[in-house]
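*Asks:* Quick one, query38.pdb (PDB, C-alpha atoms):
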ATOM      1  CA  MET M   1     145.342 129.706 188.414
ATOM      2  CA  ASN M   2     143.365 132.677 189.663
ATOM      3  CA  THR M   3     143.292 132.780 193.471
ATOM      4  CA  GLY M   4     140.864 135.659 193.553
ATOM      5  CA  SER M   5     143.151 138.029 195.421
ATOM      6  CA  ASP M   6     146.641 139.447 195.328
ATOM      7  CA  GLU M   7     146.785 140.005 199.079
ATOM      8  CA  PRO M   8     149.703 138.124 200.663
ATOM      9  CA  ARG M   9     147.756 136.932 203.729
ATOM     10  CA  GLU M  10     144.816 135.355 201.926
ATOM     11  CA  VAL M  11     144.791 131.663 201.145
ATOM     12  CA  ALA M  12     143.504 130.109 197.951
ATOM     13  CA  VAL M  13     140.924 127.353 198.335
ATOM     14  CA  VAL M  14     141.289 124.227 196.209
ATOM     15  CA  PRO M  15     138.111 122.466 195.061
ATOM     16  CA  ASP M  16     137.400 119.122 196.758
ATOM     17  CA  GLU M  17     138.101 117.010 193.676
ATOM     18  CA  GLN M  18     141.592 118.466 193.297
ATOM     19  CA  ALA M  19     142.306 118.477 197.038
ATOM     20  CA  GLY M  20     142.021 114.682 197.269
ATOM     21  CA  GLU M  21     144.531 114.162 194.487
ATOM     22  CA  LYS M  22     147.065 116.618 195.848
ATOM     23  CA  SER M  23     146.778 115.500 199.462
ATOM     24  CA  ASP M  24     147.960 111.967 198.600
ATOM     25  CA  GLU M  25     150.919 113.293 196.624
ATOM     26  CA  ALA M  26     151.758 115.872 199.271
ATOM     27  CA  GLN M  27     151.493 113.236 201.965
ATOM     28  CA  ASP M  28     153.944 110.984 200.101
ATOM     29  CA  GLU M  29     156.500 113.765 199.694
ATOM     30  CA  GLN M  30     155.936 115.319 203.119
ATOM     31  CA  GLY M  31     157.109 112.370 205.221
ATOM     32  CA  LEU M  32     160.480 111.730 203.577
ATOM     33  CA  GLY M  33     163.627 112.755 205.380
ATOM     34  CA  SER M  34     164.866 113.296 208.879
ATOM     35  CA  ARG M  35     162.452 114.275 211.621
ATOM     36  CA  ALA M  36     165.194 115.394 213.972
ATOM     37  CA  PRO M  37     164.785 118.810 215.623
ATOM     38  CA  GLU M  38     166.190 121.744 213.651
ATOM     39  CA  PHE M  39     169.006 122.481 216.111
ATOM     40  CA  ILE M  40     170.259 118.908 215.623
ATOM     41  CA  LYS M  41     169.975 119.050 211.831
ATOM     42  CA  SER M  42     171.867 122.347 211.720
ATOM     43  CA  ARG M  43     175.036 120.792 213.203
ATOM     44  CA  ARG M  44     176.541 118.020 211.087
ATOM     45  CA  LEU M  45     178.358 116.116 213.845
ATOM     46  CA  LEU M  46     175.346 116.278 216.155
ATOM     47  CA  HIS M  47     173.043 115.099 213.362
ATOM     48  CA  LEU M  48     175.366 112.211 212.517
ATOM     49  CA  SER M  49     175.514 111.108 216.151
ATOM     50  CA  TRP M  50     171.706 111.450 216.309
ATOM     51  CA  GLN M  51     171.399 109.145 213.285
ATOM     52  CA  VAL M  52     173.767 106.605 214.845
ATOM     53  CA  LEU M  53     171.733 106.667 218.072
ATOM     54  CA  VAL M  54     168.448 106.205 216.199
ATOM     55  CA  PHE M  55     169.976 103.367 214.156
ATOM     56  CA  VAL M  56     171.284 101.552 217.241
ATOM     57  CA  ILE M  57     167.960 101.867 219.098
ATOM     58  CA  GLY M  58     166.033 100.718 216.018
ATOM     59  CA  LEU M  59     168.437  97.829 215.528
ATOM     60  CA  ALA M  60     167.982  96.712 219.145
ATOM     61  CA  VAL M  61     164.193  96.762 218.739
ATOM     62  CA  VAL M  62     164.336  94.870 215.417
ATOM     63  CA  VAL M  63     166.684  92.238 216.886
ATOM     64  CA  ALA M  64     164.346  91.833 219.878
ATOM     65  CA  GLY M  65     161.465  91.320 217.421
ATOM     66  CA  ILE M  66     163.438  88.712 215.475
ATOM     67  CA  ILE M  67     164.167  86.898 218.740
ATOM     68  CA  MET M  68     160.442  86.988 219.554
ATOM     69  CA  LEU M  69     159.471  85.322 216.267
ATOM     70  CA  PRO M  70     160.073  81.746 217.509
ATOM     71  CA  LEU M  71     159.523  82.668 221.163
ATOM     72  CA  PRO M  72     156.324  83.915 222.778
ATOM     73  CA  GLY M  73     155.788  87.560 222.060
ATOM     74  CA  PRO M  74     154.602  89.968 219.394
ATOM     75  CA  GLY M  75     157.610  89.517 217.081
ATOM     76  CA  TRP M  76     156.279  91.147 213.899
ATOM     77  CA  VAL M  77     154.781  94.068 215.811
ATOM     78  CA  VAL M  78     158.125  94.739 217.492
ATOM     79  CA  ILE M  79     159.989  94.448 214.173
ATOM     80  CA  PHE M  80     157.679  97.000 212.574
ATOM     81  CA  GLY M  81     158.116  99.177 215.658
ATOM     82  CA  GLY M  82     161.869  99.117 215.088
ATOM     83  CA  MET M  83     161.299  99.993 211.446
ATOM     84  CA  ALA M  84     159.140 102.916 212.586
ATOM     85  CA  ILE M  85     161.996 104.097 214.813
ATOM     86  CA  TRP M  86     164.344 103.936 211.824
ATOM     87  CA  ALA M  87     161.760 105.734 209.681
ATOM     88  CA  THR M  88     162.022 108.808 211.896
ATOM     89  CA  GLU M  89     165.491 109.352 210.467
ATOM     90  CA  PHE M  90     166.098 107.283 207.320
ATOM     91  CA  VAL M  91     164.303 107.591 203.985
ATOM     92  CA  TRP M  92     164.843 103.915 203.075
ATOM     93  CA  ALA M  93     162.981 102.844 206.216
ATOM     94  CA  GLN M  94     160.155 105.255 205.424
ATOM     95  CA  LEU M  95     159.828 103.747 201.949
ATOM     96  CA  VAL M  96     159.872 100.189 203.334
ATOM     97  CA  LEU M  97     157.169 101.085 205.859
ATOM     98  CA  ARG M  98     155.004 102.681 203.158
ATOM     99  CA  TRP M  99     155.372  99.598 200.953
ATOM    100  CA  THR M 100     154.509  97.336 203.898
ATOM    101  CA  LYS M 101     151.452  99.395 204.852
ATOM    102  CA  ARG M 102     150.246  99.331 201.245
ATOM    103  CA  LYS M 103     150.703  95.557 200.974
ATOM    104  CA  VAL M 104     148.968  94.906 204.315
ATOM    105  CA  THR M 105     146.055  97.110 203.285
ATOM    106  CA  GLU M 106     145.783  95.313 199.933
ATOM    107  CA  ALA M 107     145.863  91.923 201.680
ATOM    108  CA  ALA M 108     143.158  93.025 204.103
ATOM    109  CA  HIS M 109     140.943  94.149 201.227
ATOM    110  CA  ARG M 110     141.557  90.866 199.394
ATOM    111  CA  ALA M 111     140.754  88.865 202.523
ATOM    112  CA  LEU M 112     137.427  90.657 202.867
ATOM    113  CA  ASP M 113     136.470  89.861 199.261
ATOM    114  CA  PRO M 114     133.499  87.414 199.401
ATOM    115  CA  ARG M 115     134.922  85.149 196.677
ATOM    116  CA  VAL M 116     138.274  84.869 198.443
ATOM    117  CA  ARG M 117     136.576  84.206 201.792
ATOM    118  CA  ARG M 118     134.399  81.504 200.223
ATOM    119  CA  ARG M 119     137.461  79.881 198.632
ATOM    120  CA  ASN M 120     139.357  79.979 201.940
ATOM    121  CA  ILE M 121     136.418  78.414 203.791
ATOM    122  CA  ILE M 122     136.144  75.647 201.179
ATOM    123  CA  LEU M 123     139.899  74.915 201.301
ATOM    124  CA  THR M 124     139.861  74.883 205.111
ATOM    125  CA  SER M 125     136.895  72.516 205.119
ATOM    126  CA  ILE M 126     138.600  70.154 202.670
ATOM    127  CA  GLY M 127     141.774  70.239 204.774
ATOM    128  CA  LEU M 128     139.825  69.441 207.948
ATOM    129  CA  VAL M 129     138.030  66.544 206.213
ATOM    130  CA  VAL M 130     141.371  65.112 205.019
ATOM    131  CA  ILE M 131     142.909  65.433 208.496
ATOM    132  CA  GLY M 132     139.791  63.856 210.027
ATOM    133  CA  ALA M 133     139.969  60.940 207.559
ATOM    134  CA  ILE M 134     143.649  60.322 208.345
ATOM    135  CA  LEU M 135     142.922  60.480 212.078
ATOM    136  CA  GLY M 136     139.953  58.117 211.636
ATOM    137  CA  VAL M 137     142.049  55.559 209.744
ATOM    138  CA  TYR M 138     144.751  55.757 212.422
ATOM    139  CA  LEU M 139     142.229  55.266 215.238
ATOM    140  CA  TRP M 140     140.521  52.385 213.357
ATOM    141  CA  LYS M 141     143.844  50.601 212.801
ATOM    142  CA  PHE M 142     145.668  51.295 216.097
ATOM    143  CA  GLY M 143     143.106  52.667 218.543
ATOM    144  CA  PHE M 144     144.142  55.247 221.123
ATOM    145  CA  GLU M 145     147.727  53.976 221.224
ATOM    146  CA  MET M 146     150.506  56.502 220.791
ATOM    147  CA  PRO M 147     152.655  55.958 217.670
ATOM    148  CA  TRP M 148     155.856  55.287 219.644
ATOM    149  CA  ASN M 149     154.106  52.561 221.680
ATOM    150  CA  ILE M 150     152.894  50.540 218.664
ATOM    151  CA  LYS M 151     154.708  47.177 218.587
ATOM    152  CA  ASP M 152     153.411  45.608 215.343
ATOM    153  CA  GLN M 153     153.517  47.970 212.402
TER
END
Could you rewrite the structure in this file as structure tokens?
*Replies:*
Amino acid sequence: MNTGSDEPREVAVVPDEQAGEKSDEAQDEQGLGSRAPEFIKSRRLLHLSWQVLVFVIGLAVVVAGIIMLPLPGPGWVVIFGGMAIWATEFVWAQLVLRWTKRKVTEAAHRALDPRVRRRNIILTSIGLVVIGAILGVYLWKFGFEMPWNIKDQ
């Protein structure tokens, strides 16, 4: 590739069509690995203790998110927050987060598809009609009586 100059301080400019392709690949490769400061990465024992600290903090956040799943609170958001904490140090967590982001984006695009939306509206309408019919039959047969108070079944 001809950059147009042999000067060491000049930068080559990539055409727009090639820049888009390389930026995605560079972005994928750029984020992998530890994001600890250099002085921590340069000392093995310090880096290992840093990783243990990040793992314990991430684990506490993920466990709090799991506890929030059945309880009131933003459980999934907290779980993904814990994964993001892990992703600052561990490649496996970075890969899991990338996969999750890709799947969520794909699901959002599918949900916005007019055919899928129409199908979901039709299925919801059918479900509401079925629930309404069951409720109507119950009210016609038993009235406003609670099920545990019905004597003659």
*Asks:* To one decimal place in Å, what is the distance between CA of Leu32 (chain M) and CA of Trp92 (chain M)?
*Replies:* 9.0 Å
*Asks:* Take the PyMOL selection byres ((chain M and resi 84) around 12), apply it to the structure above, and return the hits as number ranges by chain.
*Replies:* M: 35, 54-55, 57-59, 61-62, 77-83, 85-98, 100-101
*Asks:* Please indicate the distance in Å from CA of Ala108 (chain M) to CA of Pro70 (chain M), rounded to one decimal place.
*Replies:*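 Going from CA of Ala108 (chain M) over to CA of Pro70 (chain M) covers 24.4 Å.
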*Asks:* In Å, how far is it from CA of Trp140 (chain M) to CA of Leu128 (chain M)?
*Replies:*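 Atom-to-atom, CA of Trp140 (chain M) and CA of Leu128 (chain M) are spaced 17.9 Å apart.
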*Asks:* For Pro37 (chain M), find every residue with an atom within 12 Å (counting only C-alpha atoms), except residues of its own chain fewer than 3 positions away, and show them as number ranges by chain.
*Replies:* M: 33-34, 40-43, 46-47, 50-51, 88-89
*Asks:* Report, as JSON, the centre and edge lengths in Å (one decimal) of the axis-aligned box enclosing every listed atom of region 95-103 of chain M, padded by 6 Å on each side.
*Replies:*
{"center_x": 155.1, "center_y": 99.7, "center_z": 203.4, "size_x": 21.6, "size_y": 20.2, "size_z": 16.9}
